[in-house]
$ cat start-v3.cif   # mmCIF, C-alpha atoms and all ligand atoms
data_run
#
loop_
_atom_site.label_atom_id
_atom_site.label_comp_id
_atom_site.auth_asym_id
_atom_site.auth_seq_id
_atom_site.Cartn_x
_atom_site.Cartn_y
_atom_site.Cartn_z
CA MET A 19 47.60 -19.27 18.21
CA ALA A 20 46.78 -22.25 16.03
CA GLN A 21 49.58 -24.28 14.49
CA ILE A 22 50.67 -23.56 10.93
CA VAL A 23 48.10 -25.15 8.64
CA LYS A 24 48.25 -26.30 5.05
CA ARG A 25 48.38 -23.31 2.76
CA VAL A 26 45.56 -24.46 0.49
CA VAL A 27 42.46 -23.05 2.08
CA GLN A 28 39.84 -25.49 3.33
CA SER A 29 36.86 -23.20 3.30
CA PRO A 30 34.58 -23.34 6.33
CA VAL A 31 32.75 -20.24 5.13
CA CYS A 32 32.24 -20.55 1.41
CA GLY A 33 31.19 -24.20 1.05
CA SER A 34 27.94 -24.13 -0.86
CA LEU A 35 28.51 -20.52 -1.75
CA LEU A 36 31.24 -21.38 -4.21
CA GLY A 37 28.60 -23.38 -6.05
CA THR A 38 26.30 -20.36 -6.01
CA CYS A 39 29.10 -18.25 -7.35
CA HIS A 40 29.47 -20.45 -10.43
CA ASN A 41 25.76 -20.08 -11.13
CA VAL A 42 25.48 -16.34 -10.78
CA THR A 43 22.84 -15.12 -13.21
CA GLY A 44 23.13 -11.99 -15.22
CA VAL A 45 26.91 -11.97 -15.26
CA ILE A 46 28.84 -11.22 -18.40
CA ARG A 47 30.05 -14.54 -19.74
CA GLY A 48 31.45 -13.50 -23.10
CA PHE A 49 34.58 -11.48 -23.63
CA ASN A 50 33.97 -8.88 -26.32
CA LYS A 51 37.32 -7.26 -26.83
CA GLU A 52 36.16 -4.09 -28.61
CA VAL A 53 33.52 -3.24 -26.01
CA PHE A 54 35.87 -3.92 -23.14
CA ALA A 55 38.74 -2.00 -24.72
CA SER A 56 36.63 1.13 -25.14
CA GLN A 57 35.25 0.79 -21.59
CA ILE A 58 38.75 0.45 -20.21
CA CYS A 59 39.99 3.45 -22.19
CA ARG A 60 37.22 5.72 -20.90
CA ARG A 61 37.60 4.38 -17.39
CA SER A 62 41.33 4.98 -17.30
CA LEU A 63 40.93 8.60 -18.42
CA LYS A 64 38.30 9.30 -15.79
CA THR A 65 40.44 7.77 -13.09
CA CYS A 66 43.43 9.95 -13.85
CA SER A 67 41.44 13.11 -13.25
CA VAL A 68 39.53 11.77 -10.26
CA ARG A 69 42.69 10.54 -8.62
CA SER A 70 44.46 13.87 -8.68
CA SER A 71 41.58 15.64 -6.93
CA SER A 72 41.12 12.83 -4.43
CA SER A 73 44.76 12.64 -3.47
CA ALA A 74 44.81 16.38 -2.87
CA SER A 75 42.49 15.88 0.10
CA GLY A 76 44.26 12.62 0.97
CA GLY A 77 40.80 11.00 1.01
CA ASN A 78 41.05 11.41 4.75
CA ASP A 79 38.45 14.02 5.67
CA LEU A 80 37.07 12.53 8.87
CA SER A 81 34.59 15.37 9.33
CA THR A 82 32.42 14.17 6.44
CA LYS A 83 33.39 10.57 5.88
CA ARG A 84 33.17 7.61 8.21
CA GLN A 85 35.92 5.25 9.26
CA TYR A 86 35.98 1.73 7.82
CA ASN A 87 36.68 -1.33 9.96
CA VAL A 88 39.13 -3.61 8.20
CA GLY A 89 40.92 -6.93 8.68
CA VAL A 90 44.13 -8.18 7.07
CA PHE A 91 44.91 -11.69 5.77
CA GLY A 92 48.67 -12.26 5.81
CA ALA A 93 51.48 -10.77 7.88
CA GLY A 94 54.40 -11.76 5.64
CA ARG A 95 56.90 -9.82 3.55
CA ILE A 96 54.70 -7.34 1.67
CA ALA A 97 52.10 -7.05 4.44
CA SER A 98 54.67 -6.12 7.09
CA SER A 99 57.02 -4.05 4.98
CA VAL A 100 54.40 -2.09 3.04
CA HIS A 101 50.66 -2.56 3.41
CA ILE A 102 49.90 -2.83 7.13
CA LYS A 103 52.13 0.20 7.74
CA ASN A 104 50.08 2.14 5.16
CA ILE A 105 46.75 0.94 6.56
CA LEU A 106 47.79 2.14 10.02
CA GLN A 107 48.59 5.56 8.56
CA LYS A 108 45.17 6.01 6.96
CA ARG A 109 42.86 7.71 9.44
CA ARG A 110 39.83 6.46 7.48
CA LEU A 111 40.77 2.83 8.26
CA ASN A 112 40.47 1.08 11.60
CA LEU A 113 42.55 -2.11 11.69
CA LYS A 114 40.57 -4.64 13.75
CA TRP A 115 42.72 -7.74 13.27
CA VAL A 116 45.44 -9.51 11.34
CA LEU A 117 45.27 -13.20 10.39
CA ASP A 118 48.33 -15.35 9.62
CA ASP A 119 49.10 -19.02 10.15
CA SER A 120 52.80 -18.67 10.89
CA PRO A 121 53.85 -17.81 14.45
CA THR A 122 57.14 -16.52 13.04
CA SER A 123 55.41 -14.07 10.67
CA VAL A 124 53.06 -12.99 13.45
CA SER A 125 55.80 -12.26 15.92
CA SER A 126 58.02 -10.41 13.44
CA CYS A 127 55.06 -8.35 12.15
CA LYS A 128 54.08 -7.44 15.72
CA ASP A 129 57.61 -6.39 16.56
CA LEU A 130 58.28 -4.52 13.34
CA LEU A 131 55.07 -2.49 13.47
CA ASN A 132 54.61 -2.40 17.23
CA LEU A 133 51.25 -4.15 16.90
CA HIS A 134 51.17 -5.69 20.36
CA ASP A 135 47.65 -4.35 21.00
CA THR A 136 46.20 -5.63 17.72
CA PRO A 137 44.54 -9.07 17.84
CA PHE A 138 46.16 -11.73 15.61
CA TYR A 139 44.29 -14.83 14.51
CA SER A 140 44.85 -17.95 12.43
CA SER A 141 42.90 -19.12 9.37
CA GLU A 142 40.74 -21.37 11.55
CA ASP A 143 39.20 -18.25 13.07
CA ARG A 144 38.16 -16.62 9.84
CA GLU A 145 34.51 -17.69 9.79
CA GLN A 146 33.92 -15.89 13.06
CA LEU A 147 35.95 -12.87 11.92
CA LEU A 148 34.09 -12.54 8.62
CA ASN A 149 30.70 -12.91 10.35
CA ASP A 150 31.38 -9.66 12.19
CA GLU A 151 28.82 -7.24 10.75
CA SER A 152 30.82 -4.21 11.79
CA LEU A 153 33.67 -5.30 9.49
CA ASP A 154 33.57 -3.35 6.19
CA ALA A 155 36.52 -4.67 4.21
CA VAL A 156 39.48 -7.04 4.15
CA PHE A 157 42.92 -6.94 2.61
CA VAL A 158 44.40 -10.17 1.21
CA PHE A 159 48.21 -10.40 1.38
CA THR A 160 48.64 -14.17 1.75
CA PRO A 161 50.31 -16.34 -0.96
CA THR A 162 48.63 -16.24 -4.36
CA ASP A 163 47.25 -19.79 -4.14
CA THR A 164 45.03 -18.70 -1.21
CA HIS A 165 43.70 -15.49 -2.81
CA ALA A 166 40.63 -16.71 -4.68
CA ASP A 167 39.18 -18.65 -1.75
CA TYR A 168 39.82 -15.87 0.77
CA ILE A 169 38.41 -13.28 -1.60
CA CYS A 170 35.25 -15.29 -2.27
CA GLU A 171 34.70 -16.04 1.40
CA SER A 172 34.99 -12.35 2.21
CA LEU A 173 32.81 -11.07 -0.63
CA SER A 174 30.14 -13.62 0.22
CA ARG A 175 30.05 -12.22 3.75
CA GLY A 176 29.44 -8.72 2.40
CA LYS A 177 33.02 -7.43 2.77
CA ALA A 178 34.79 -5.32 0.16
CA VAL A 179 38.22 -6.70 -0.77
CA MET A 180 41.56 -5.34 -1.80
CA THR A 181 44.03 -8.08 -2.75
CA GLU A 182 47.64 -8.33 -3.80
CA LYS A 183 48.11 -9.37 -7.40
CA PRO A 184 47.00 -11.55 -9.03
CA CYS A 185 43.59 -12.15 -7.46
CA GLY A 186 43.71 -15.81 -8.46
CA GLU A 187 46.09 -18.38 -9.88
CA THR A 188 43.99 -19.19 -12.95
CA TYR A 189 41.62 -17.50 -15.39
CA SER A 190 38.67 -19.37 -13.90
CA ASP A 191 39.62 -18.33 -10.33
CA ILE A 192 39.82 -14.68 -11.37
CA LYS A 193 36.49 -14.94 -13.17
CA ARG A 194 34.94 -16.56 -10.10
CA CYS A 195 36.14 -13.70 -7.85
CA TYR A 196 34.96 -10.89 -10.12
CA GLU A 197 31.60 -12.52 -10.83
CA LEU A 198 31.01 -12.81 -7.10
CA SER A 199 32.03 -9.17 -6.65
CA GLU A 200 29.40 -8.19 -9.25
CA HIS A 201 26.78 -10.49 -7.73
CA THR A 202 27.29 -9.19 -4.19
CA ASN A 203 27.88 -5.61 -5.37
CA LYS A 204 31.02 -5.43 -3.25
CA ILE A 205 34.26 -3.81 -4.37
CA LEU A 206 37.15 -6.03 -5.49
CA LEU A 207 40.39 -4.16 -6.13
CA THR A 208 43.45 -6.06 -7.41
CA GLY A 209 46.70 -4.38 -6.40
CA PHE A 210 48.86 -3.74 -9.43
CA GLN A 211 50.69 -0.85 -7.79
CA ARG A 212 52.48 0.42 -10.92
CA ARG A 213 49.13 1.86 -12.03
CA PHE A 214 49.44 4.33 -9.13
CA ASP A 215 53.04 5.34 -9.81
CA SER A 216 53.40 8.90 -11.14
CA THR A 217 56.07 7.95 -13.74
CA PHE A 218 53.99 5.16 -15.27
CA GLN A 219 50.87 7.38 -15.09
CA GLU A 220 52.64 10.05 -17.11
CA VAL A 221 53.53 7.53 -19.79
CA PHE A 222 49.92 6.35 -19.77
CA LYS A 223 48.73 9.95 -20.29
CA ALA A 224 51.24 10.38 -23.14
CA THR A 225 49.61 7.49 -25.00
CA ARG A 226 46.07 8.96 -24.83
CA ASN A 227 44.34 10.38 -27.90
CA ASN A 228 46.74 8.50 -30.13
CA ALA A 229 49.46 11.04 -29.23
CA LEU A 230 52.26 8.60 -30.10
CA GLY A 231 50.56 7.71 -33.40
CA ASN A 232 50.30 4.08 -34.43
CA LEU A 233 52.15 2.04 -31.84
CA ARG A 234 54.91 -0.08 -33.33
CA PHE A 235 56.97 -1.30 -30.42
CA MET A 236 56.87 -1.53 -26.64
CA ARG A 237 59.54 -2.85 -24.31
CA VAL A 238 58.73 -3.60 -20.66
CA THR A 239 61.70 -4.48 -18.47
CA GLY A 240 61.28 -6.08 -15.04
CA ARG A 241 64.41 -7.07 -13.11
CA ASP A 242 63.85 -7.93 -9.48
CA SER A 243 66.07 -7.02 -6.55
CA PRO A 244 66.98 -8.74 -4.35
CA LYS A 245 66.29 -12.25 -5.62
CA PRO A 246 63.31 -13.63 -3.62
CA ALA A 247 64.08 -16.34 -1.05
CA TYR A 248 64.44 -19.85 -2.48
CA GLU A 249 61.64 -20.98 -0.16
CA PHE A 250 59.32 -18.48 -1.90
CA LEU A 251 60.57 -19.51 -5.35
CA ARG A 252 60.13 -23.20 -4.54
CA ASN A 253 56.52 -22.70 -3.46
CA THR A 254 55.22 -20.23 -6.03
CA ASP A 255 53.25 -21.61 -9.00
CA THR A 256 55.05 -24.93 -8.76
CA GLY A 257 53.22 -26.45 -11.74
CA GLY A 258 53.68 -23.44 -14.04
CA CYS A 259 56.27 -20.76 -14.63
CA SER A 260 56.46 -18.29 -11.75
CA LEU A 261 58.71 -15.93 -13.70
CA ILE A 262 55.61 -15.23 -15.82
CA SER A 263 52.72 -15.74 -13.39
CA ASP A 264 54.29 -14.12 -10.33
CA MET A 265 56.69 -11.58 -11.81
CA ALA A 266 56.00 -10.69 -15.45
CA VAL A 267 52.31 -10.46 -14.56
CA HIS A 268 53.07 -6.83 -13.53
CA ASP A 269 54.59 -6.14 -16.97
CA ILE A 270 51.68 -7.85 -18.68
CA ASP A 271 49.30 -5.64 -16.71
CA MET A 272 51.26 -2.63 -18.04
CA THR A 273 50.81 -3.78 -21.65
CA VAL A 274 47.08 -4.30 -21.05
CA TRP A 275 46.73 -0.84 -19.48
CA LEU A 276 48.89 1.07 -21.95
CA THR A 277 47.21 -0.48 -25.02
CA SER A 278 43.69 0.03 -23.62
CA ALA A 279 43.36 -3.74 -23.45
CA GLU A 280 44.32 -4.47 -27.03
CA ARG A 281 44.36 -8.22 -27.36
CA PRO A 282 47.58 -9.82 -28.63
CA ILE A 283 47.23 -12.50 -31.26
CA SER A 284 50.19 -14.57 -30.14
CA VAL A 285 52.73 -15.05 -27.35
CA TYR A 286 56.17 -16.64 -27.49
CA THR A 287 58.31 -17.35 -24.41
CA MET A 288 62.08 -17.82 -24.23
CA SER A 289 63.70 -18.56 -20.88
CA HIS A 290 66.74 -19.93 -19.09
CA MET A 291 67.66 -21.32 -15.67
CA HIS A 292 71.00 -19.69 -14.83
CA ASP A 293 71.05 -20.40 -11.11
CA PRO A 294 71.70 -24.14 -10.37
CA ILE A 295 69.17 -24.06 -7.52
CA MET A 296 66.54 -22.64 -9.88
CA LYS A 297 67.43 -25.44 -12.27
CA GLU A 298 66.88 -27.94 -9.49
CA ILE A 299 63.54 -26.23 -8.65
CA GLY A 300 62.67 -26.37 -12.35
CA GLN A 301 61.85 -22.69 -12.70
CA PRO A 302 63.54 -20.19 -15.06
CA ASP A 303 65.14 -17.11 -13.52
CA SER A 304 65.51 -15.19 -16.76
CA GLY A 305 63.38 -14.88 -19.87
CA LEU A 306 61.30 -12.88 -22.29
CA LEU A 307 57.82 -12.85 -23.73
CA ALA A 308 57.22 -11.67 -27.29
CA LEU A 309 53.66 -10.49 -27.96
CA LYS A 310 52.31 -9.77 -31.43
CA TYR A 311 49.20 -7.64 -32.08
CA GLU A 312 46.92 -7.39 -35.09
CA SER A 313 47.45 -3.59 -35.19
CA GLY A 314 51.14 -4.15 -35.95
CA LEU A 315 52.37 -3.53 -32.41
CA ASN A 316 55.13 -5.86 -31.19
CA VAL A 317 55.93 -6.09 -27.48
CA ILE A 318 58.94 -7.51 -25.68
CA ILE A 319 58.75 -8.16 -21.94
CA ASP A 320 62.11 -9.07 -20.44
CA SER A 321 62.15 -10.44 -16.90
CA ASP A 322 64.89 -11.47 -14.54
CA ARG A 323 64.73 -12.67 -10.96
CA GLU A 324 67.90 -10.87 -9.91
CA SER A 325 69.40 -7.52 -10.80
CA PRO A 326 72.71 -6.75 -9.04
CA TYR A 327 72.36 -2.98 -9.51
CA GLY A 328 68.92 -2.56 -7.89
CA TYR A 329 65.21 -2.81 -8.71
CA ASP A 330 64.91 -2.10 -12.44
CA MET A 331 61.41 -1.47 -13.90
CA ARG A 332 61.24 0.43 -17.20
CA ILE A 333 59.01 0.93 -20.22
CA GLU A 334 59.59 2.29 -23.71
CA MET A 335 56.78 2.85 -26.21
CA PHE A 336 57.49 3.79 -29.81
CA GLY A 337 54.89 4.95 -32.31
CA SER A 338 54.66 6.67 -35.69
CA GLU A 339 54.42 10.11 -33.95
CA GLY A 340 56.77 9.75 -31.03
CA MET A 341 58.18 7.83 -28.12
CA ALA A 342 57.48 7.67 -24.37
CA ARG A 343 59.74 6.18 -21.73
CA ALA A 344 59.38 5.39 -18.04
CA GLU A 345 62.85 5.40 -16.53
CA ASN A 346 63.91 4.37 -13.04
CA PRO A 347 64.03 6.97 -10.29
CA ARG A 348 67.12 6.79 -8.08
CA GLU A 349 67.70 7.02 -4.35
CA THR A 350 68.64 10.68 -4.89
CA ALA A 351 68.79 12.83 -8.02
CA ALA A 352 72.46 13.88 -7.51
CA VAL A 353 74.85 13.47 -10.46
CA ILE A 354 78.59 13.94 -9.90
CA ASP A 355 80.72 14.63 -12.99
CA VAL A 356 84.52 14.68 -12.72
CA ALA A 357 87.36 14.56 -15.27
CA ASP A 358 87.45 10.80 -15.65
CA GLY A 359 83.69 10.21 -15.69
CA GLY A 360 80.42 10.61 -13.86
CA LYS A 361 78.57 9.03 -11.00
CA CYS A 362 74.95 8.87 -9.88
CA ASN A 363 73.13 7.11 -7.07
CA ARG A 364 72.04 3.49 -7.06
CA LEU A 365 68.54 2.45 -8.10
CA PHE A 366 66.10 1.70 -5.30
CA ASN A 367 66.82 -1.64 -3.69
CA SER A 368 63.39 -3.24 -4.00
CA PHE A 369 59.63 -2.78 -4.42
CA PRO A 370 58.85 -1.28 -0.97
CA GLN A 371 61.21 1.65 -1.65
CA ARG A 372 60.54 2.07 -5.39
CA PHE A 373 56.77 2.01 -5.08
CA GLU A 374 56.38 3.51 -1.59
CA ALA A 375 54.11 6.32 -2.80
CA ALA A 376 52.21 4.12 -5.28
CA PHE A 377 51.33 1.54 -2.60
CA SER A 378 49.96 4.32 -0.40
CA LYS A 379 47.90 5.82 -3.27
CA GLU A 380 46.55 2.34 -4.03
CA ILE A 381 45.00 2.25 -0.54
CA ASP A 382 43.65 5.81 -0.94
CA HIS A 383 42.01 4.59 -4.15
CA PHE A 384 40.45 1.65 -2.29
CA ILE A 385 39.03 4.10 0.27
CA ASP A 386 37.59 6.22 -2.59
CA CYS A 387 35.99 3.03 -3.95
CA LEU A 388 34.52 2.24 -0.52
CA ASP A 389 33.14 5.79 -0.39
CA GLY A 390 31.58 5.28 -3.82
CA THR A 391 33.42 8.27 -5.30
CA ASP A 392 35.48 6.04 -7.62
CA THR A 393 35.44 2.55 -9.08
CA PRO A 394 38.42 0.15 -9.20
CA LEU A 395 41.07 1.33 -11.65
CA ILE A 396 42.06 -2.27 -12.34
CA THR A 397 39.02 -3.90 -13.91
CA LYS A 398 37.73 -7.43 -14.20
CA GLU A 399 38.23 -7.40 -17.98
CA GLU A 400 41.85 -6.23 -17.65
CA CYS A 401 42.65 -8.88 -15.02
CA LEU A 402 41.11 -11.58 -17.21
CA LEU A 403 43.04 -10.47 -20.30
CA SER A 404 46.28 -10.34 -18.27
CA MET A 405 45.67 -13.88 -17.05
CA GLU A 406 44.91 -15.11 -20.59
CA ILE A 407 48.31 -13.74 -21.65
CA VAL A 408 49.98 -15.31 -18.60
CA GLU A 409 48.42 -18.69 -19.36
CA LYS A 410 49.43 -18.55 -23.04
CA GLY A 411 52.96 -17.50 -22.01
CA VAL A 412 53.18 -20.51 -19.69
CA GLU A 413 51.87 -22.76 -22.48
CA SER A 414 54.60 -21.42 -24.77
CA PHE A 415 57.21 -21.97 -22.01
CA ARG A 416 56.15 -25.62 -21.93
CA SER A 417 55.71 -26.20 -25.67
CA GLY A 418 58.59 -24.04 -26.92
CA LYS A 419 56.22 -22.81 -29.64
CA VAL A 420 54.29 -19.66 -30.45
CA GLU A 421 50.86 -19.87 -28.79
CA TYR A 422 47.78 -18.08 -30.15
CA LEU A 423 45.09 -16.32 -28.12
N1 LIG B 1 52.93 -6.04 -5.76
C1 LIG B 1 54.15 -6.47 -5.59
O1 LIG B 1 55.13 -5.89 -6.07
C2 LIG B 1 54.36 -7.71 -4.75
C3 LIG B 1 55.60 -7.97 -4.16
C4 LIG B 1 55.71 -9.11 -3.35
C5 LIG B 1 54.64 -9.96 -3.17
N2 LIG B 1 53.45 -9.67 -3.78
C6 LIG B 1 52.27 -10.56 -3.59
O2 LIG B 1 51.88 -10.53 -2.21
C7 LIG B 1 51.43 -11.81 -1.80
C8 LIG B 1 52.23 -12.23 -0.56
O3 LIG B 1 53.60 -12.27 -0.91
P1 LIG B 1 54.75 -12.17 0.21
O4 LIG B 1 56.01 -11.97 -0.53
O5 LIG B 1 54.37 -11.19 1.28
O6 LIG B 1 54.69 -13.64 0.77
P2 LIG B 1 55.13 -14.17 2.23
O7 LIG B 1 55.29 -15.64 2.08
O8 LIG B 1 56.25 -13.36 2.77
O9 LIG B 1 53.85 -13.85 3.15
C9 LIG B 1 52.67 -14.59 3.11
C10 LIG B 1 52.16 -14.76 4.53
O10 LIG B 1 50.93 -15.49 4.46
C11 LIG B 1 50.93 -16.48 5.50
N3 LIG B 1 50.08 -17.60 5.06
C12 LIG B 1 50.42 -18.60 4.19
N4 LIG B 1 49.33 -19.39 3.97
C13 LIG B 1 48.33 -18.87 4.73
C14 LIG B 1 46.98 -19.23 4.92
N5 LIG B 1 46.40 -20.27 4.27
N6 LIG B 1 46.22 -18.48 5.76
C15 LIG B 1 46.76 -17.44 6.43
N7 LIG B 1 48.04 -17.05 6.29
C16 LIG B 1 48.80 -17.75 5.44
C17 LIG B 1 52.38 -16.87 5.69
O11 LIG B 1 52.58 -17.36 6.99
C18 LIG B 1 53.10 -15.55 5.43
O12 LIG B 1 53.30 -14.83 6.63
C19 LIG B 1 51.60 -12.73 -3.01
O13 LIG B 1 50.37 -12.85 -3.67
C20 LIG B 1 52.58 -12.01 -3.92
O14 LIG B 1 52.33 -12.25 -5.30
C21 LIG B 1 53.28 -8.57 -4.55
#

$ encode --input "start-v3.cif" --output "structure tokens"
Amino acid sequence: MAQIVKRVVQSPVCGSLLGTCHNVTGVIRGFNKEVFASQICRRSLKTCSVRSSSSASGGNDLSTKRQYNVGVFGAGRIASSVHIKNILQKRRLNLKWVLDDSPTSVSSCKDLLNLHDTPFYSSEDREQLLNDESLDAVFVFTPTDTHADYICESLSRGKAVMTEKPCGETYSDIKRCYELSEHTNKILLTGFQRRFDSTFQEVFKATRNNALGNLRFMRVTGRDSPKPAYEFLRNTDTGGCSLISDMAVHDIDMTVWLTSAERPISVYTMSHMHDPIMKEIGQPDSGLLALKYESGLNVIIDSDRESPYGYDMRIEMFGSEGMARAENPRETAAVIDVADGGKCNRLFNSFPQRFEAAFSKEIDHFIDCLDGTDTPLITKEECLLSMEIVEKGVESFRSGKVEYL
């Protein structure tokens, strides 16, 4: 096993290809919000109906559909606790290898998932791994600053890609990835798992056909539990504001999805560093984004790195004809009422428990995309709009002023 290497990927595979990727002809360069919004709206409706039929069969009918050979980049927290476990459970996927540069991650992933027979590699081996013609797809679960290079290397070798969010650290990285996906005609699915959660899907359906009337207000709450390790917080988006780019990016994706990619006109960020270590790191642990839209919609996204009562992810949408809310499910649905008050169970502890089913459906959706029976629910245009909002939010965090899109 190679020693731990620098996280920033030195690409042995992509080299000249990254140049090619910038010069892709025939790609959409402009960003026409009306066209994209209507495309996204139609797409989202189609996906809801397709998904329900596909999940009924589990997408796992081996008698008619072939198995896909897949590799995994990253054996850390989310890979070990969620994704690799799900991949192993999908009979349509054959896990050929896992790649990670940390011997500690490798050994704990092997032990946790009993993967002693699965080959593990380091990033130095990836050229050889990606040259394998029998490999159909890869999953990217490494830190965000490695995503764009790993995605482009894989797409350029003809592999479909599913990646953890966001697929790149900047607007131009995300554009580069999606343009290469279009150029190579290979699937790129970005994993915003809330899209596959039945509660959020129901709220999405409630907003269709203008059922809530003219939208006036939306609140998206994201409070993490437990607080991520300081090592993670120290190393994530060090030059920016990770509360927005790493955490609120999920909430921003929700606003993009639920408004059919309506484009805000301005973003304002307020934040605070409560924890002295976060202050020393220079990153806020608590804050809000205020988004204003030309249609009259106002949105508040409130984010916190630590919620003592469990993983708290909620949405409320209010319009001229009604209101829709996504509340938190609990560990059980029991409610105990006695004379001096009531009691219910705690919220789920963290994302692996809260979104267990959604993460699994996300992989089923990727398999449907590989089969060609569906196309990625999370689109290039939506990812680009989300990143524009992230970047303006970070600008506002720095300037202390309202920033305009
Ligand atoms: N969807 C969600 O709710 C959610 C939750 C947590 C994390 N994430 C995302 O998942 C990704 C991974 O996060 P995590 O919490 O699992 O991080 P992590 O640090 O626990 O795991 C990352 C792993 O990648 C390995 N690694 C680092 N650089 C590498 C390189 N250049 N090549 C190969 N391996 C390398 C590390 O050794 C580590 O094992 C991030 O993009 C994060 O944003 C998403």

$ closest_atom_pairs --input "start-v3.cif" --of "chain A" --to "ligand LIG 1 (chain B)" --cutoff "7 Å" --atoms "only C-alpha atoms and all ligand atoms" --output "CSV"
residue,atom,partner,partner_atom,distance
A:Val23,CA,B:LIG1,N5,6.8
A:Lys24,CA,B:LIG1,N5,6.4
A:Arg25,CA,B:LIG1,N5,3.9
A:Val26,CA,B:LIG1,N5,5.7
A:Val27,CA,B:LIG1,N5,5.3
A:Phe91,CA,B:LIG1,C15,6.1
A:Gly92,CA,B:LIG1,O10,4.2
A:Ala93,CA,B:LIG1,O12,4.6
A:Gly94,CA,B:LIG1,O9,3.3
A:Arg95,CA,B:LIG1,O5,3.7
A:Ile96,CA,B:LIG1,O5,3.9
A:Ala97,CA,B:LIG1,O5,5.7
A:Leu117,CA,B:LIG1,C15,6.0
A:Asp118,CA,B:LIG1,N7,3.8
A:Asp119,CA,B:LIG1,N7,4.5
A:Ser120,CA,B:LIG1,O11,4.1
A:Ser123,CA,B:LIG1,O12,4.6
A:Ser140,CA,B:LIG1,C15,6.3
A:Ser141,CA,B:LIG1,N6,4.9
A:Phe159,CA,B:LIG1,C7,4.7
A:Thr160,CA,B:LIG1,O10,3.8
A:Pro161,CA,B:LIG1,C19,4.3
A:Thr162,CA,B:LIG1,O13,3.9
A:Thr164,CA,B:LIG1,N5,5.9
A:Glu182,CA,B:LIG1,O2,5.0
A:Lys183,CA,B:LIG1,O14,5.5
A:Pro184,CA,B:LIG1,O13,6.5
A:Gly209,CA,B:LIG1,N1,6.5
A:Phe210,CA,B:LIG1,N1,5.9
A:Gln211,CA,B:LIG1,N1,6.0
A:Phe250,CA,B:LIG1,O7,6.3
A:Asp264,CA,B:LIG1,O14,5.7
A:Phe369,CA,B:LIG1,O1,5.7

$ closest_atom_pairs --input "start-v3.cif" --of "range 125-242 of chain A" --to "range 324-338 of chain A" --cutoff "10 Å" --atoms "only C-alpha atoms" --output "CSV"
residue,atom,partner,partner_atom,distance
A:Arg212,CA,A:Met331,CA,9.6
A:Thr217,CA,A:Arg332,CA,9.8
A:Phe218,CA,A:Ile333,CA,8.2
A:Val221,CA,A:Met335,CA,8.6
A:Ala224,CA,A:Met335,CA,9.8
A:Thr225,CA,A:Met335,CA,8.6
A:Asn228,CA,A:Gly337,CA,9.2
A:Ala229,CA,A:Gly337,CA,8.7
A:Leu230,CA,A:Gly337,CA,5.0
A:Gly231,CA,A:Ser338,CA,4.8
A:Asn232,CA,A:Gly337,CA,5.1
A:Leu233,CA,A:Gly337,CA,4.0
A:Arg234,CA,A:Gly337,CA,5.1
A:Phe235,CA,A:Phe336,CA,5.2
A:Met236,CA,A:Met335,CA,4.4
A:Arg237,CA,A:Glu334,CA,5.2
A:Val238,CA,A:Ile333,CA,4.6
A:Thr239,CA,A:Arg332,CA,5.1
A:Gly240,CA,A:Met331,CA,4.8
A:Arg241,CA,A:Asp330,CA,5.0
A:Asp242,CA,A:Glu324,CA,5.0

$ atom_distance --input "start-v3.cif" --atom1 "CA of Gly89 in chain A" --atom2 "CA of Pro121 in chain A"
17.9 Å

$ atom_distance --input "start-v3.cif" --atom1 "CA of Gly418 in chain A" --atom2 "CA of Met288 in chain A"
7.6 Å

$ atom_distance --input "start-v3.cif" --atom1 "CA of Leu395 in chain A" --atom2 "CA of Asn316 in chain A"
25.1 Å

$ residues_near_point --input "start-v3.cif" --point "(30.7, -1.1, 5.0)" --cutoff "8 Å" --atoms "all atoms listed in the file" --output "PyMOL selection string"
chain A and resi 86-87+152-155+177-178+388

$ write_last_selection --input "start-v3.cif" --atoms "C-alpha atoms" --output "short mmCIF file (atom, residue, chain, number, x, y, z; two decimals), keeping the file's coordinate frame"
data_model
loop_
_atom_site.label_atom_id
_atom_site.label_comp_id
_atom_site.auth_asym_id
_atom_site.auth_seq_id
_atom_site.Cartn_x
_atom_site.Cartn_y
_atom_site.Cartn_z
CA TYR A 86 35.98 1.73 7.82
CA ASN A 87 36.68 -1.33 9.96
CA SER A 152 30.82 -4.21 11.79
CA LEU A 153 33.67 -5.30 9.49
CA ASP A 154 33.57 -3.35 6.19
CA ALA A 155 36.52 -4.67 4.21
CA LYS A 177 33.02 -7.43 2.77
CA ALA A 178 34.79 -5.32 0.16
CA LEU A 388 34.52 2.24 -0.52
#

$ residues_near_point --input "start-v3.cif" --point "(63.0, -22.7, -5.9)" --cutoff "9 Å" --atoms "all atoms listed in the file" --output "ChimeraX atom specification"
/A:247-254,256,295-301

$ closest_residue --input "start-v3.cif" --among "A:Gly359, A:His292, A:Leu131, A:Asn227" --to "Gln107 in chain A" --atoms "all atoms listed in the file"
A:Leu131
